[in-house]
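So this one's protein26.txt, compact mmCIF, C-alpha atoms and all ligand atoms:
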```txt
# COMPACT_ATOMS: atom_id res chain seq x y z
CA MET A 20 -7.45 9.29 -28.88
CA SER A 21 -4.11 10.51 -27.47
CA ALA A 22 -0.91 9.24 -29.06
CA TYR A 23 -0.05 7.27 -25.93
CA LYS A 24 -3.47 5.59 -25.84
CA SER A 25 -2.88 4.23 -29.36
CA ILE A 26 0.59 2.99 -28.40
CA ARG A 27 -0.81 1.59 -25.17
CA ASN A 28 -3.37 -0.47 -27.06
CA ILE A 29 -0.49 -2.23 -28.75
CA LEU A 30 1.72 -2.49 -25.64
CA PHE A 31 -1.14 -3.91 -23.59
CA LYS A 32 -1.51 -6.82 -25.99
CA PHE A 33 1.72 -8.23 -24.53
CA GLU A 34 2.47 -9.82 -21.18
CA PRO A 35 3.15 -6.94 -18.73
CA GLU A 36 6.59 -8.01 -17.56
CA ASN A 37 7.82 -8.65 -21.10
CA ILE A 38 6.78 -5.15 -22.15
CA HIS A 39 8.43 -3.67 -19.09
CA ASN A 40 11.68 -5.48 -19.90
CA ALA A 41 11.55 -4.41 -23.54
CA LEU A 42 10.99 -0.76 -22.59
CA GLU A 43 13.77 -1.02 -20.05
CA SER A 44 16.18 -2.16 -22.76
CA ILE A 45 15.10 0.65 -25.09
CA LEU A 46 15.30 3.34 -22.43
CA GLN A 47 18.66 2.03 -21.24
CA ALA A 48 20.10 1.95 -24.75
CA PHE A 49 18.83 5.31 -25.95
CA GLY A 50 18.54 7.20 -22.67
CA SER A 51 22.23 7.95 -22.46
CA ILE A 52 22.34 9.60 -25.89
CA SER A 53 22.27 13.32 -25.21
CA ILE A 54 20.18 14.24 -28.25
CA VAL A 55 17.54 11.72 -27.15
CA GLN A 56 17.59 13.20 -23.66
CA ASP A 57 17.14 16.69 -25.12
CA ILE A 58 14.17 15.61 -27.23
CA LEU A 59 12.52 13.81 -24.31
CA ALA A 60 13.13 16.71 -21.94
CA LYS A 61 11.76 19.22 -24.45
CA ASN A 62 8.57 17.20 -24.78
CA PHE A 63 8.02 15.88 -21.28
CA CYS A 64 9.65 18.16 -18.68
CA TYR A 65 7.83 21.06 -17.11
CA SER A 66 9.41 23.59 -14.85
CA ASN A 67 8.27 26.66 -13.04
CA GLU A 68 9.62 28.52 -10.02
CA ILE A 69 6.37 27.93 -8.11
CA LEU A 70 6.92 24.13 -8.17
CA LYS A 71 10.45 24.20 -6.77
CA ASN A 72 11.08 23.17 -3.21
CA GLN A 73 13.81 22.02 -0.87
CA VAL A 74 12.92 18.89 1.08
CA CYS A 75 15.33 17.26 3.56
CA GLY A 76 18.06 19.52 2.19
CA LEU A 77 17.57 18.28 -1.39
CA ASP A 78 16.42 20.46 -4.29
CA PHE A 79 13.34 19.28 -6.17
CA TYR A 80 12.27 21.13 -9.32
CA ASN A 81 8.86 19.54 -9.05
CA PRO A 82 7.13 17.31 -6.46
CA ILE A 83 6.33 14.29 -8.66
CA GLY A 84 8.62 11.29 -8.19
CA LEU A 85 8.85 7.85 -9.71
CA ALA A 86 7.99 5.24 -7.07
CA ALA A 87 10.25 2.26 -6.35
CA GLY A 88 9.95 -0.89 -8.43
CA PHE A 89 9.85 0.61 -11.91
CA ASP A 90 13.63 0.97 -12.23
CA LYS A 91 14.72 -1.77 -9.83
CA ASN A 92 18.22 -2.03 -11.28
CA ALA A 93 18.86 1.65 -12.04
CA LYS A 94 19.20 1.03 -15.76
CA MET A 95 16.91 3.85 -16.87
CA ILE A 96 17.98 6.81 -14.73
CA LYS A 97 19.08 8.95 -17.68
CA ALA A 98 15.92 8.43 -19.73
CA LEU A 99 13.58 8.73 -16.73
CA SER A 100 15.30 11.96 -15.69
CA ALA A 101 14.16 13.41 -19.02
CA LEU A 102 10.53 12.29 -18.63
CA GLY A 103 9.51 15.03 -16.25
CA PHE A 104 9.94 13.43 -12.83
CA GLY A 105 11.25 15.64 -10.03
CA PHE A 106 13.04 12.69 -8.45
CA LEU A 107 13.48 8.95 -8.91
CA GLU A 108 13.58 6.07 -6.47
CA ILE A 109 15.51 3.05 -7.64
CA GLY A 110 15.23 -0.47 -6.23
CA THR A 111 14.22 -2.30 -4.21
CA ILE A 112 17.80 -3.52 -4.13
CA THR A 113 18.96 -6.39 -1.95
CA LYS A 114 22.50 -7.28 -0.85
CA THR A 115 22.74 -10.25 -3.22
CA HIS A 116 20.94 -10.58 -6.52
CA GLN A 117 17.59 -12.34 -6.63
CA LYS A 118 15.48 -13.82 -9.39
CA GLY A 119 12.25 -13.03 -7.59
CA ASN A 120 9.10 -15.12 -7.60
CA PRO A 121 8.06 -17.45 -10.42
CA LYS A 122 6.36 -15.87 -13.45
CA PRO A 123 3.72 -14.73 -14.23
CA ARG A 124 3.97 -12.28 -11.36
CA LEU A 125 2.69 -9.01 -12.80
CA PHE A 126 -0.96 -8.58 -13.78
CA ARG A 127 -2.74 -5.71 -15.44
CA PHE A 128 -6.39 -4.71 -14.82
CA LYS A 129 -7.17 -2.31 -17.61
CA GLU A 130 -10.72 -1.40 -16.64
CA GLU A 131 -9.72 -0.75 -13.04
CA GLN A 132 -6.47 1.01 -14.05
CA SER A 133 -4.65 -1.14 -11.53
CA LEU A 134 -1.83 -3.65 -11.31
CA GLN A 135 -1.19 -6.61 -9.08
CA ASN A 136 2.42 -7.71 -8.64
CA ALA A 137 4.22 -10.48 -6.84
CA MET A 138 7.68 -9.68 -8.18
CA GLY A 139 9.58 -10.59 -4.99
CA PHE A 140 12.54 -8.17 -5.18
CA ASN A 141 13.96 -9.44 -8.46
CA ASN A 142 17.13 -7.37 -8.77
CA ASP A 143 20.81 -7.46 -9.71
CA GLY A 144 22.06 -7.07 -6.12
CA SER A 145 23.87 -4.16 -4.51
CA GLN A 146 27.34 -4.74 -5.97
CA GLU A 147 26.16 -4.60 -9.54
CA VAL A 148 23.69 -1.75 -9.07
CA SER A 149 26.11 0.40 -7.06
CA SER A 150 28.78 -0.08 -9.69
CA ARG A 151 26.25 0.89 -12.40
CA ILE A 152 25.14 4.11 -10.73
CA SER A 153 28.64 5.13 -9.64
CA LYS A 154 29.30 5.80 -13.34
CA ILE A 155 26.58 8.44 -13.54
CA TYR A 156 26.99 10.01 -10.11
CA PRO A 157 26.28 12.90 -9.37
CA TYR A 158 22.78 12.73 -10.83
CA ALA A 159 20.62 15.30 -12.58
CA LEU A 160 17.80 14.76 -10.07
CA PRO A 161 17.60 13.55 -6.47
CA ILE A 162 17.87 9.76 -6.50
CA GLY A 163 16.52 7.66 -3.66
CA ILE A 164 17.77 4.16 -3.06
CA ASN A 165 15.16 1.73 -1.84
CA LEU A 166 16.67 -1.13 0.18
CA GLY A 167 15.25 -4.54 0.99
CA LYS A 168 16.07 -7.84 2.65
CA ASN A 169 17.09 -10.94 0.75
CA LYS A 170 14.46 -13.67 0.79
CA ASN A 171 16.86 -16.30 2.21
CA ILE A 172 17.83 -14.14 5.20
CA SER A 173 16.00 -14.90 8.43
CA SER A 174 14.35 -12.18 10.51
CA GLU A 175 17.15 -12.65 13.11
CA ASN A 176 19.74 -11.70 10.51
CA ALA A 177 17.66 -9.01 8.81
CA LEU A 178 19.34 -6.06 10.54
CA LYS A 179 22.80 -7.09 9.30
CA ASN A 180 21.40 -7.69 5.81
CA TYR A 181 19.93 -4.15 5.71
CA GLU A 182 23.20 -2.76 7.07
CA ASP A 183 25.23 -4.56 4.40
CA VAL A 184 23.10 -3.30 1.53
CA LEU A 185 23.04 0.25 2.91
CA LYS A 186 26.84 0.26 3.20
CA ASP A 187 27.18 -0.46 -0.53
CA PHE A 188 25.37 2.78 -1.36
CA LEU A 189 26.68 5.23 1.23
CA ASP A 190 28.34 7.46 -1.37
CA LEU A 191 25.68 7.05 -4.02
CA GLY A 192 22.25 7.84 -2.57
CA ASP A 193 20.64 11.24 -2.17
CA TYR A 194 18.18 9.61 0.18
CA TYR A 195 17.47 6.04 1.33
CA VAL A 196 14.30 4.08 1.94
CA PHE A 197 13.94 1.02 4.10
CA ASN A 198 11.29 -1.15 2.53
CA LEU A 199 9.72 -3.33 5.20
CA SER A 200 6.38 -3.34 3.46
CA SER A 201 6.52 -5.47 0.32
CA PRO A 202 3.92 -8.24 0.53
CA ASN A 203 6.05 -10.42 -1.76
CA THR A 204 8.92 -11.43 0.52
CA PRO A 205 7.69 -13.90 3.15
CA ASN A 206 7.55 -12.38 6.65
CA LEU A 207 9.02 -9.04 5.54
CA ARG A 208 6.03 -7.11 6.83
CA ASP A 209 6.57 -8.66 10.28
CA LEU A 210 9.63 -6.43 10.53
CA GLN A 211 7.27 -3.47 10.77
CA ASN A 212 7.46 -3.59 14.55
CA ILE A 213 8.84 -1.06 17.02
CA ASN A 214 11.82 -3.17 18.11
CA PHE A 215 13.13 -3.82 14.63
CA VAL A 216 12.45 -0.31 13.40
CA GLN A 217 14.30 1.11 16.42
CA GLU A 218 17.38 -1.02 15.72
CA LEU A 219 17.18 -0.32 12.01
CA PHE A 220 17.27 3.45 12.29
CA LEU A 221 19.86 3.48 15.07
CA MET A 222 22.07 1.34 12.81
CA ALA A 223 21.44 3.47 9.73
CA LYS A 224 22.05 6.77 11.48
CA SER A 225 25.44 5.50 12.66
CA HIS A 226 26.44 5.21 8.99
CA THR A 227 24.99 8.27 7.29
CA LYS A 228 23.57 11.72 7.88
CA LYS A 229 21.66 11.61 4.59
CA PRO A 230 17.85 11.44 4.70
CA ILE A 231 16.39 8.00 5.42
CA PHE A 232 12.73 7.11 5.00
CA LEU A 233 10.58 4.21 6.12
CA LYS A 234 8.13 2.89 3.51
CA ILE A 235 5.05 1.40 5.09
CA SER A 236 2.27 -0.95 4.12
CA PRO A 237 -1.32 0.29 3.90
CA ASP A 238 -2.54 -2.89 5.56
CA MET A 239 -1.46 -2.35 9.19
CA PRO A 240 -3.97 -1.46 11.90
CA THR A 241 -3.79 2.33 12.33
CA ASP A 242 -2.52 2.32 15.93
CA GLU A 243 0.26 -0.12 15.10
CA MET A 244 1.21 1.85 12.00
CA LEU A 245 1.42 5.09 13.99
CA GLN A 246 3.51 3.45 16.74
CA VAL A 247 5.98 2.02 14.23
CA CYS A 248 6.31 5.38 12.47
CA GLU A 249 6.67 7.21 15.79
CA MET A 250 9.55 4.91 16.75
CA ALA A 251 11.22 5.35 13.37
CA ILE A 252 11.03 9.14 13.69
CA GLN A 253 12.30 9.05 17.29
CA LYS A 254 15.31 7.02 16.19
CA GLY A 255 16.21 9.34 13.36
CA ALA A 256 14.02 8.56 10.33
CA ASP A 257 13.74 11.70 8.23
CA GLY A 258 10.35 10.76 6.89
CA ILE A 259 7.72 8.20 6.01
CA ILE A 260 6.61 7.01 2.58
CA ALA A 261 3.03 5.76 2.50
CA SER A 262 2.21 3.45 0.98
CA ASN A 263 3.30 0.25 -0.64
CA THR A 264 0.79 -2.03 -2.42
CA THR A 265 -2.16 -3.60 -0.59
CA ILE A 266 -3.15 -7.21 -0.08
CA ASP A 267 -6.81 -6.23 0.32
CA TYR A 268 -8.07 -8.27 -2.62
CA SER A 269 -11.63 -7.02 -2.15
CA LEU A 270 -10.48 -3.90 -4.03
CA LEU A 271 -10.40 -5.68 -7.40
CA SER A 272 -13.33 -7.40 -9.07
CA GLN A 273 -11.25 -10.39 -10.20
CA PRO A 274 -8.03 -10.34 -8.22
CA LYS A 275 -5.20 -12.84 -8.52
CA SER A 276 -4.34 -14.79 -5.39
CA ILE A 277 -0.78 -13.45 -5.05
CA GLY A 278 0.93 -10.11 -4.69
CA GLY A 279 -0.01 -6.52 -3.95
CA ILE A 280 -2.47 -4.20 -5.67
CA SER A 281 -1.57 -0.74 -6.94
CA GLY A 282 -3.20 2.00 -8.98
CA ASN A 283 -6.79 3.22 -8.87
CA ALA A 284 -7.93 0.31 -6.71
CA LEU A 285 -5.43 1.39 -4.03
CA ARG A 286 -6.16 5.11 -4.19
CA ALA A 287 -8.77 5.53 -1.43
CA LYS A 288 -6.96 3.19 0.95
CA SER A 289 -3.60 4.83 0.43
CA ARG A 290 -5.16 8.26 0.87
CA ALA A 291 -6.85 7.18 4.10
CA VAL A 292 -3.56 5.82 5.49
CA PHE A 293 -1.84 9.02 4.50
CA GLU A 294 -4.50 11.08 6.24
CA GLU A 295 -3.86 9.28 9.55
CA LEU A 296 -0.15 9.69 9.10
CA ALA A 297 -0.40 13.39 8.33
CA ARG A 298 -2.69 14.01 11.26
CA ALA A 299 -0.12 12.44 13.57
CA PHE A 300 3.17 13.57 12.05
CA PHE A 301 2.76 16.61 9.80
CA ASN A 302 5.40 19.18 10.79
CA LYS A 303 7.21 16.51 12.84
CA THR A 304 8.68 14.69 9.86
CA THR A 305 8.65 14.67 6.07
CA LEU A 306 5.80 12.79 4.43
CA ILE A 307 5.73 11.31 0.93
CA SER A 308 2.43 10.03 -0.43
CA VAL A 309 2.15 7.23 -3.01
CA GLY A 310 -0.68 4.99 -4.10
CA GLY A 311 -3.23 5.55 -6.84
CA ILE A 312 -2.03 9.01 -7.79
CA ASP A 313 -2.50 9.51 -11.52
CA ASP A 314 -3.69 13.05 -12.00
CA ALA A 315 -3.06 16.59 -10.76
CA GLN A 316 -6.19 16.68 -8.66
CA GLU A 317 -5.11 13.70 -6.57
CA ALA A 318 -1.48 14.82 -6.39
CA TYR A 319 -2.49 18.30 -5.25
CA ARG A 320 -4.96 16.82 -2.76
CA ARG A 321 -2.18 14.73 -1.15
CA ILE A 322 0.10 17.78 -1.07
CA LYS A 323 -2.54 19.84 0.72
CA MET A 324 -3.07 16.87 3.06
CA GLY A 325 0.60 17.15 4.08
CA ALA A 326 2.74 15.44 1.45
CA SER A 327 5.98 17.28 0.69
CA LEU A 328 6.38 15.02 -2.33
CA VAL A 329 4.30 12.39 -4.11
CA GLN A 330 5.25 9.34 -6.14
CA ILE A 331 3.70 7.49 -9.05
CA TYR A 332 4.09 4.04 -10.52
CA THR A 333 0.87 2.51 -11.92
CA GLY A 334 -0.46 5.82 -13.26
CA PHE A 335 2.68 6.13 -15.37
CA ILE A 336 1.91 2.76 -17.00
CA PHE A 337 -1.70 3.68 -17.77
CA LYS A 338 -1.24 7.33 -18.70
CA GLY A 339 2.21 7.40 -20.26
CA PRO A 340 5.14 9.76 -20.49
CA SER A 341 3.16 13.03 -20.57
CA LEU A 342 1.82 12.35 -17.09
CA CYS A 343 4.37 14.36 -15.09
CA LYS A 344 4.15 17.35 -17.40
CA ASN A 345 0.35 17.29 -17.28
CA ILE A 346 0.30 17.00 -13.50
CA ASN A 347 2.90 19.69 -12.92
CA SER A 348 1.36 22.26 -15.24
CA LYS A 349 -2.05 21.68 -13.63
CA ILE A 350 -0.64 21.90 -10.10
CA GLN A 351 0.85 25.24 -11.06
CA GLU A 352 -2.65 26.41 -12.09
CA TYR A 353 -4.15 25.14 -8.83
CA LEU A 354 -1.47 26.90 -6.76
CA ILE A 355 -2.08 30.21 -8.50
CA LYS A 356 -5.85 29.84 -8.24
CA ASP A 357 -5.56 29.13 -4.51
CA GLY A 358 -3.28 32.13 -4.01
CA PHE A 359 -0.14 30.22 -3.04
CA MET A 360 3.17 31.85 -3.94
CA SER A 361 5.03 28.51 -3.77
CA ILE A 362 4.26 24.83 -3.51
CA LYS A 363 5.81 24.97 -0.07
CA ASP A 364 2.82 27.01 1.16
CA ALA A 365 0.34 24.41 -0.11
CA ILE A 366 1.91 21.49 1.75
CA GLY A 367 -0.43 20.59 4.57
CA ALA A 368 -2.68 23.58 3.84
CA ASP A 369 -5.77 21.49 4.55
CA LEU A 370 -4.45 20.66 8.03
CA LYS A 371 -3.84 24.25 9.12
C1 LIG A 401 5.34 -3.96 -10.56
C2 LIG A 401 5.57 -3.22 -9.28
C3 LIG A 401 6.76 -3.42 -8.60
C4 LIG A 401 7.00 -2.75 -7.41
N1 LIG A 401 8.18 -2.94 -6.77
C5 LIG A 401 8.44 -2.24 -5.64
C6 LIG A 401 9.68 -2.35 -5.00
O1 LIG A 401 10.57 -3.07 -5.45
N2 LIG A 401 9.88 -1.64 -3.86
C7 LIG A 401 8.92 -0.82 -3.32
O2 LIG A 401 9.16 -0.19 -2.30
N3 LIG A 401 7.73 -0.68 -3.92
C8 LIG A 401 7.47 -1.36 -5.06
N4 LIG A 401 6.27 -1.21 -5.69
C9 LIG A 401 5.24 -0.34 -5.06
C10 LIG A 401 5.26 1.08 -5.62
O3 LIG A 401 6.47 1.73 -5.36
C11 LIG A 401 4.11 1.91 -5.01
O4 LIG A 401 4.32 2.03 -3.62
C12 LIG A 401 2.75 1.27 -5.24
O5 LIG A 401 2.67 0.70 -6.53
C13 LIG A 401 1.62 2.30 -5.11
O6 LIG A 401 1.75 3.33 -6.06
P1 LIG A 401 0.93 3.37 -7.45
O7 LIG A 401 -0.51 3.14 -7.10
O8 LIG A 401 1.21 4.72 -8.02
O9 LIG A 401 1.48 2.28 -8.27
C14 LIG A 401 6.01 -1.86 -6.89
C15 LIG A 401 4.81 -1.66 -7.60
C16 LIG A 401 4.59 -2.32 -8.78
C17 LIG A 401 3.29 -2.08 -9.52
```
Is it possible to express this structure as C-alpha cells?
Ligand SMILES: Cc1cc2nc3c(=O)[nH]c(=O)nc-3n(C[C@H](O)[C@H](O)[C@H](O)COP(=O)(O)O)c2cc1C
Amino acid sequence: MSAYKSIRNILFKFEPENIHNALESILQAFGSISIVQDILAKNFCYSNEILKNQVCGLDFYNPIGLAAGFDKNAKMIKALSALGFGFLEIGTITKTHQKGNPKPRLFRFKEEQSLQNAMGFNNDGSQEVSSRISKIYPYALPIGINLGKNKNISSENALKNYEDVLKDFLDLGDYYVFNLSSPNTPNLRDLQNINFVQELFLMAKSHTKKPIFLKISPDMPTDEMLQVCEMAIQKGADGIIASNTTIDYSLLSQPKSIGGISGNALRAKSRAVFEELARAFFNKTTLISVGGIDDAQEAYRRIKMGASLVQIYTGFIFKGPSLCKNINSKIQEYLIKDGFMSIKDAIGADLK
C-alpha cells in the first residue's frame, strides 16, 4: 500500500469538510516556510523541457492545474505551488463574503472515487482575498482567479456584481474565470445564456487585457452550450474551461439530493462535453479540460483531444500529493513514445 493510501485511510474516517479545513490550516501555516517548500518541491515537483508551454501568453512548466474550489480563499498558494501543479486556480470568490450552504455539504464516495458538493461559494469575499494574495504577488506559478456571483444578488444585478469582484483583482490575477456553472447558487446556471455572456465579456474586456475564461456546466444541451461559448469567444473570451460538476445523479449509485458530482463518476460526461467543445472551437480559442482526470492516460487523452491545459480536484483528494509528479512523468513518456518534441505538438493531435 502506498504511503498516501495509509494516510488516506485515516483521513477518510473524518467528515470531508473538517479534514479539508484541517489540511488548509496545516498547509497555510507551514507552506510559507521556505525549508518546507523546498522539501515538498523536491518530493513532488517534476519538470522537463518537453512539458513546458506558453498558453495565453503565460508560461506553464507543466499542463496540470489545480481546479477551482480547493483553495477558495487563497490560503494555500505557497504550499500548493510546491506540490507539482503547473498552475493554480483560486476561488470561487464573490464580492462579499459568504458562509455557503448549510452543512453537511461535501460528501465522499470512496468506491466510486467521486465527491458530491453543495458548498455554495463559501468564501472570505474579494476584499479579504485580494489583500491576502497581494502580499505574495508576483507568484511562482500562473494563478487564475475564479469569480462568482453573491447568492443574494438578483440576476438583474449580476453583471455589476461580477464587475465589482473583477475590479478587486485587476492587478492580482494572471488569468480570470467567470463561473456561471456552479449548481449550488440558485439560478446561477441561468446566466449561461448568450445575452448575459455577451454583456459579461464586453464588460470584462473593458477592464483588462489579461486572459479571461468562461467555465461551463456539463449539463447544458450541446447546441446551447456551443452557442454560449461562441458568443463568449466573439466578445473576447480567451478560452473555455469545461467542466464544472454535474447534477446528473444517475452517475452515482447512492447520490445525495443536493450539489454537484465530481471525480470518476463525472469523467465520461466531462470528456464528452469537451469533445464537442474541441470539435467546434479547437484552434479558435484556448481550451482547458477538467472533470474526472486522475491519471496520465486521461490527462494525455484530453490534451490530444485539444486541451492546452487540464485541471484536477477530486483526483487529488483520492490519489494524494504525488499525483502531479506521477502524471507529468508519465506524460513525458507518452510524448516521447508518440514522437512529439514538445507538449505543444500533442495538443489537439487527435483532431488533426
Ligand atoms: C468540494 C468542491 C468545491 C468546488 N468548488 C468550486 C468552485 O468554487 N468554483 C468552481 O468553479 N468549481 C468548483 N468545483 C468544481 C471543480 O473545480 C471541478 O470543475 C470539478 O470538481 C470537476 O473536476 P474533478 O472531477 O477533477 O473534481 C468544486 C469541486 C469540489 C469537489
*Using all atoms listed in the file: which of A:Gln73, A:Ser281, A:Ser66, A:Thr204 has the shortest distance to ligand LIG 401 (chain A)*: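 Of A:Gln73, A:Ser281, A:Ser66, A:Thr204, the one nearest ligand LIG 401 (chain A) is A:Ser281, counting all atoms listed in the file.
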Axis-aligned box for ligand LIG 401 (chain A), 6 Å per side, centre and edges in Å as AutoDock Vina command-line options:
```
--center_x 5.0 --center_y 0.4 --center_z -6.4 --size_x 23.1 --size_y 20.7 --size_z 20.3
```
_Non-local contacts of Arg208 of chain A (9 Å; all atoms listed in the file; under 5 positions in same chain excluded) as an NGL selection string_ = :A and (199-202 or 235-236)
*In terms of the shortest atom-to-atom distance over only C-alpha atoms, which of A:Lys356, A:Arg320, A:Lys32, A:Lys122 is closest to Gly278 of chain A?*
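Using only C-alpha atoms, Gly278 of chain A sits closest to A:Lys122.
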Give one line per residue of chain A that approaches ligand LIG 401 (chain A) to at most 8 Å, naming the two atoms of the closest pair and their distance in Å to one decimal, counting all atoms listed in the file; sort by chain then ascending residue number and deliver it as CSV.
```
residue,atom,partner,partner_atom,distance
A:Leu85,CA,A:LIG401,O3,7.9
A:Ala86,CA,A:LIG401,O3,4.2
A:Ala87,CA,A:LIG401,O3,3.9
A:Gly88,CA,A:LIG401,N1,3.2
A:Phe89,CA,A:LIG401,C3,6.1
A:Lys91,CA,A:LIG401,O1,6.2
A:Gly110,CA,A:LIG401,O1,5.4
A:Thr111,CA,A:LIG401,O1,3.9
A:Ile112,CA,A:LIG401,O1,7.4
A:Leu125,CA,A:LIG401,C1,6.1
A:Ser133,CA,A:LIG401,O7,7.4
A:Leu134,CA,A:LIG401,C17,5.6
A:Gln135,CA,A:LIG401,C17,6.4
A:Asn136,CA,A:LIG401,C1,5.1
A:Ala137,CA,A:LIG401,C1,7.6
A:Met138,CA,A:LIG401,C3,6.3
A:Gly139,CA,A:LIG401,O1,7.6
A:Phe140,CA,A:LIG401,O1,5.5
A:Asn141,CA,A:LIG401,O1,7.8
A:Asn165,CA,A:LIG401,O2,6.3
A:Leu166,CA,A:LIG401,N2,7.9
A:Gly167,CA,A:LIG401,N2,7.8
A:Val196,CA,A:LIG401,O2,7.9
A:Asn198,CA,A:LIG401,O2,5.4
A:Ser200,CA,A:LIG401,O2,7.1
A:Ser201,CA,A:LIG401,C7,6.4
A:Lys234,CA,A:LIG401,O2,6.7
A:Ala261,CA,A:LIG401,O4,7.3
A:Ser262,CA,A:LIG401,O4,5.3
A:Asn263,CA,A:LIG401,O4,3.6
A:Thr264,CA,A:LIG401,C12,4.8
A:Gly279,CA,A:LIG401,C15,7.8
A:Ile280,CA,A:LIG401,O5,7.2
A:Ser281,CA,A:LIG401,O7,4.0
A:Gly282,CA,A:LIG401,O7,3.5
A:Asn283,CA,A:LIG401,O7,6.5
A:Ala284,CA,A:LIG401,O7,8.0
A:Leu285,CA,A:LIG401,O7,6.1
A:Arg286,CA,A:LIG401,O7,6.7
A:Val309,CA,A:LIG401,O6,5.0
A:Gly310,CA,A:LIG401,O7,3.5
A:Gly311,CA,A:LIG401,O7,3.6
A:Ile312,CA,A:LIG401,O8,5.4
A:Asp313,CA,A:LIG401,O8,7.0
A:Gln330,CA,A:LIG401,O8,6.4
A:Ile331,CA,A:LIG401,O8,3.9
A:Tyr332,CA,A:LIG401,O9,3.9
A:Thr333,CA,A:LIG401,O9,3.7
A:Gly334,CA,A:LIG401,O8,5.6
A:Phe335,CA,A:LIG401,O8,7.6
```
Could you write out the selected residues, including C-alpha atoms, as an mmCIF file, keeping the file's coordinate frame?
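Written file, result_33.cif:
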```
data_model
loop_
_atom_site.group_PDB
_atom_site.id
_atom_site.type_symbol
_atom_site.label_atom_id
_atom_site.label_comp_id
_atom_site.auth_asym_id
_atom_site.auth_seq_id
_atom_site.Cartn_x
_atom_site.Cartn_y
_atom_site.Cartn_z
ATOM 1 C CA LEU A 85 8.850 7.850 -9.710
ATOM 2 C CA ALA A 86 7.990 5.240 -7.070
ATOM 3 C CA ALA A 87 10.250 2.260 -6.350
ATOM 4 C CA GLY A 88 9.950 -0.890 -8.430
ATOM 5 C CA PHE A 89 9.850 0.610 -11.910
ATOM 6 C CA LYS A 91 14.720 -1.770 -9.830
ATOM 7 C CA GLY A 110 15.230 -0.470 -6.230
ATOM 8 C CA THR A 111 14.220 -2.300 -4.210
ATOM 9 C CA ILE A 112 17.800 -3.520 -4.130
ATOM 10 C CA LEU A 125 2.690 -9.010 -12.800
ATOM 11 C CA SER A 133 -4.650 -1.140 -11.530
ATOM 12 C CA LEU A 134 -1.830 -3.650 -11.310
ATOM 13 C CA GLN A 135 -1.190 -6.610 -9.080
ATOM 14 C CA ASN A 136 2.420 -7.710 -8.640
ATOM 15 C CA ALA A 137 4.220 -10.480 -6.840
ATOM 16 C CA MET A 138 7.680 -9.680 -8.180
ATOM 17 C CA GLY A 139 9.580 -10.590 -4.990
ATOM 18 C CA PHE A 140 12.540 -8.170 -5.180
ATOM 19 C CA ASN A 141 13.960 -9.440 -8.460
ATOM 20 C CA ASN A 165 15.160 1.730 -1.840
ATOM 21 C CA LEU A 166 16.670 -1.130 0.180
ATOM 22 C CA GLY A 167 15.250 -4.540 0.990
ATOM 23 C CA VAL A 196 14.300 4.080 1.940
ATOM 24 C CA ASN A 198 11.290 -1.150 2.530
ATOM 25 C CA SER A 200 6.380 -3.340 3.460
ATOM 26 C CA SER A 201 6.520 -5.470 0.320
ATOM 27 C CA LYS A 234 8.130 2.890 3.510
ATOM 28 C CA ALA A 261 3.030 5.760 2.500
ATOM 29 C CA SER A 262 2.210 3.450 0.980
ATOM 30 C CA ASN A 263 3.300 0.250 -0.640
ATOM 31 C CA THR A 264 0.790 -2.030 -2.420
ATOM 32 C CA GLY A 279 -0.010 -6.520 -3.950
ATOM 33 C CA ILE A 280 -2.470 -4.200 -5.670
ATOM 34 C CA SER A 281 -1.570 -0.740 -6.940
ATOM 35 C CA GLY A 282 -3.200 2.000 -8.980
ATOM 36 C CA ASN A 283 -6.790 3.220 -8.870
ATOM 37 C CA ALA A 284 -7.930 0.310 -6.710
ATOM 38 C CA LEU A 285 -5.430 1.390 -4.030
ATOM 39 C CA ARG A 286 -6.160 5.110 -4.190
ATOM 40 C CA VAL A 309 2.150 7.230 -3.010
ATOM 41 C CA GLY A 310 -0.680 4.990 -4.100
ATOM 42 C CA GLY A 311 -3.230 5.550 -6.840
ATOM 43 C CA ILE A 312 -2.030 9.010 -7.790
ATOM 44 C CA ASP A 313 -2.500 9.510 -11.520
ATOM 45 C CA GLN A 330 5.250 9.340 -6.140
ATOM 46 C CA ILE A 331 3.700 7.490 -9.050
ATOM 47 C CA TYR A 332 4.090 4.040 -10.520
ATOM 48 C CA THR A 333 0.870 2.510 -11.920
ATOM 49 C CA GLY A 334 -0.460 5.820 -13.260
ATOM 50 C CA PHE A 335 2.680 6.130 -15.370
#
```
_Selection: 9 Å around Gly367 of chain A, only C-alpha atoms, excl. self and same-chain fewer than 2 positions, as a list in words_ =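 After dropping sequence-adjacent residues, the list is Ala297, Phe301, Asn302, Arg321, Ile322, Lys323, Met324, Gly325, Ala326, Ser327, Lys363, Asp364, Ala365, Asp369, Leu370 and Lys371 of chain A.
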_Selected residue, from A:Leu185, A:Leu271, A:Val329, A:Ala299, that lies nearest to Ala315 of chain A when counting all atoms listed in the file_ =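 Checking each of A:Leu185, A:Leu271, A:Val329, A:Ala299 against Ala315 of chain A, counting all atoms listed in the file, the winner is A:Val329.
Proximity of A:Leu30, A:Ala291, A:Leu342, A:Ile83 to Ile362 of chain A, computed with all atoms listed in the file, is greatest for A:Ile83.
Residues lying within 8 Å of Gln47 of chain A, counting all atoms listed in the file and ignoring same-chain neighbours fewer than 5 positions away, are Lys94, Met95, Lys97 and Ala98 of chain A.
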*Excluding Phe359 of chain A and residues on its chain fewer than 5 positions from it, collect all residues at most 12 Å away from it, counting all atoms listed in the file, and give them as a count of residues only.*
12
Enumerate, in order of chain and increasing residue number, the residues of segment 271-368 of chain A with an atom no farther than 10 Å from segment 214-232 of chain A, each with its shortest atom pair and distance in Å to one decimal, counting all atoms listed in the file, as JSON lines.
```
{"residue": "A:Thr304", "atom": "CA", "partner": "A:Phe232", "partner_atom": "CA", "distance": 9.9}
{"residue": "A:Thr305", "atom": "CA", "partner": "A:Phe232", "partner_atom": "CA", "distance": 8.7}
{"residue": "A:Leu306", "atom": "CA", "partner": "A:Phe232", "partner_atom": "CA", "distance": 9.0}
{"residue": "A:Ile307", "atom": "CA", "partner": "A:Phe232", "partner_atom": "CA", "distance": 9.1}
```
*In Å, with one decimal, what is the gap from atom CA of Ala159 of chain A to atom CA of Ile260 of chain A?*
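Between atom CA of Ala159 of chain A and atom CA of Ile260 of chain A the gap works out to 22.2 Å.
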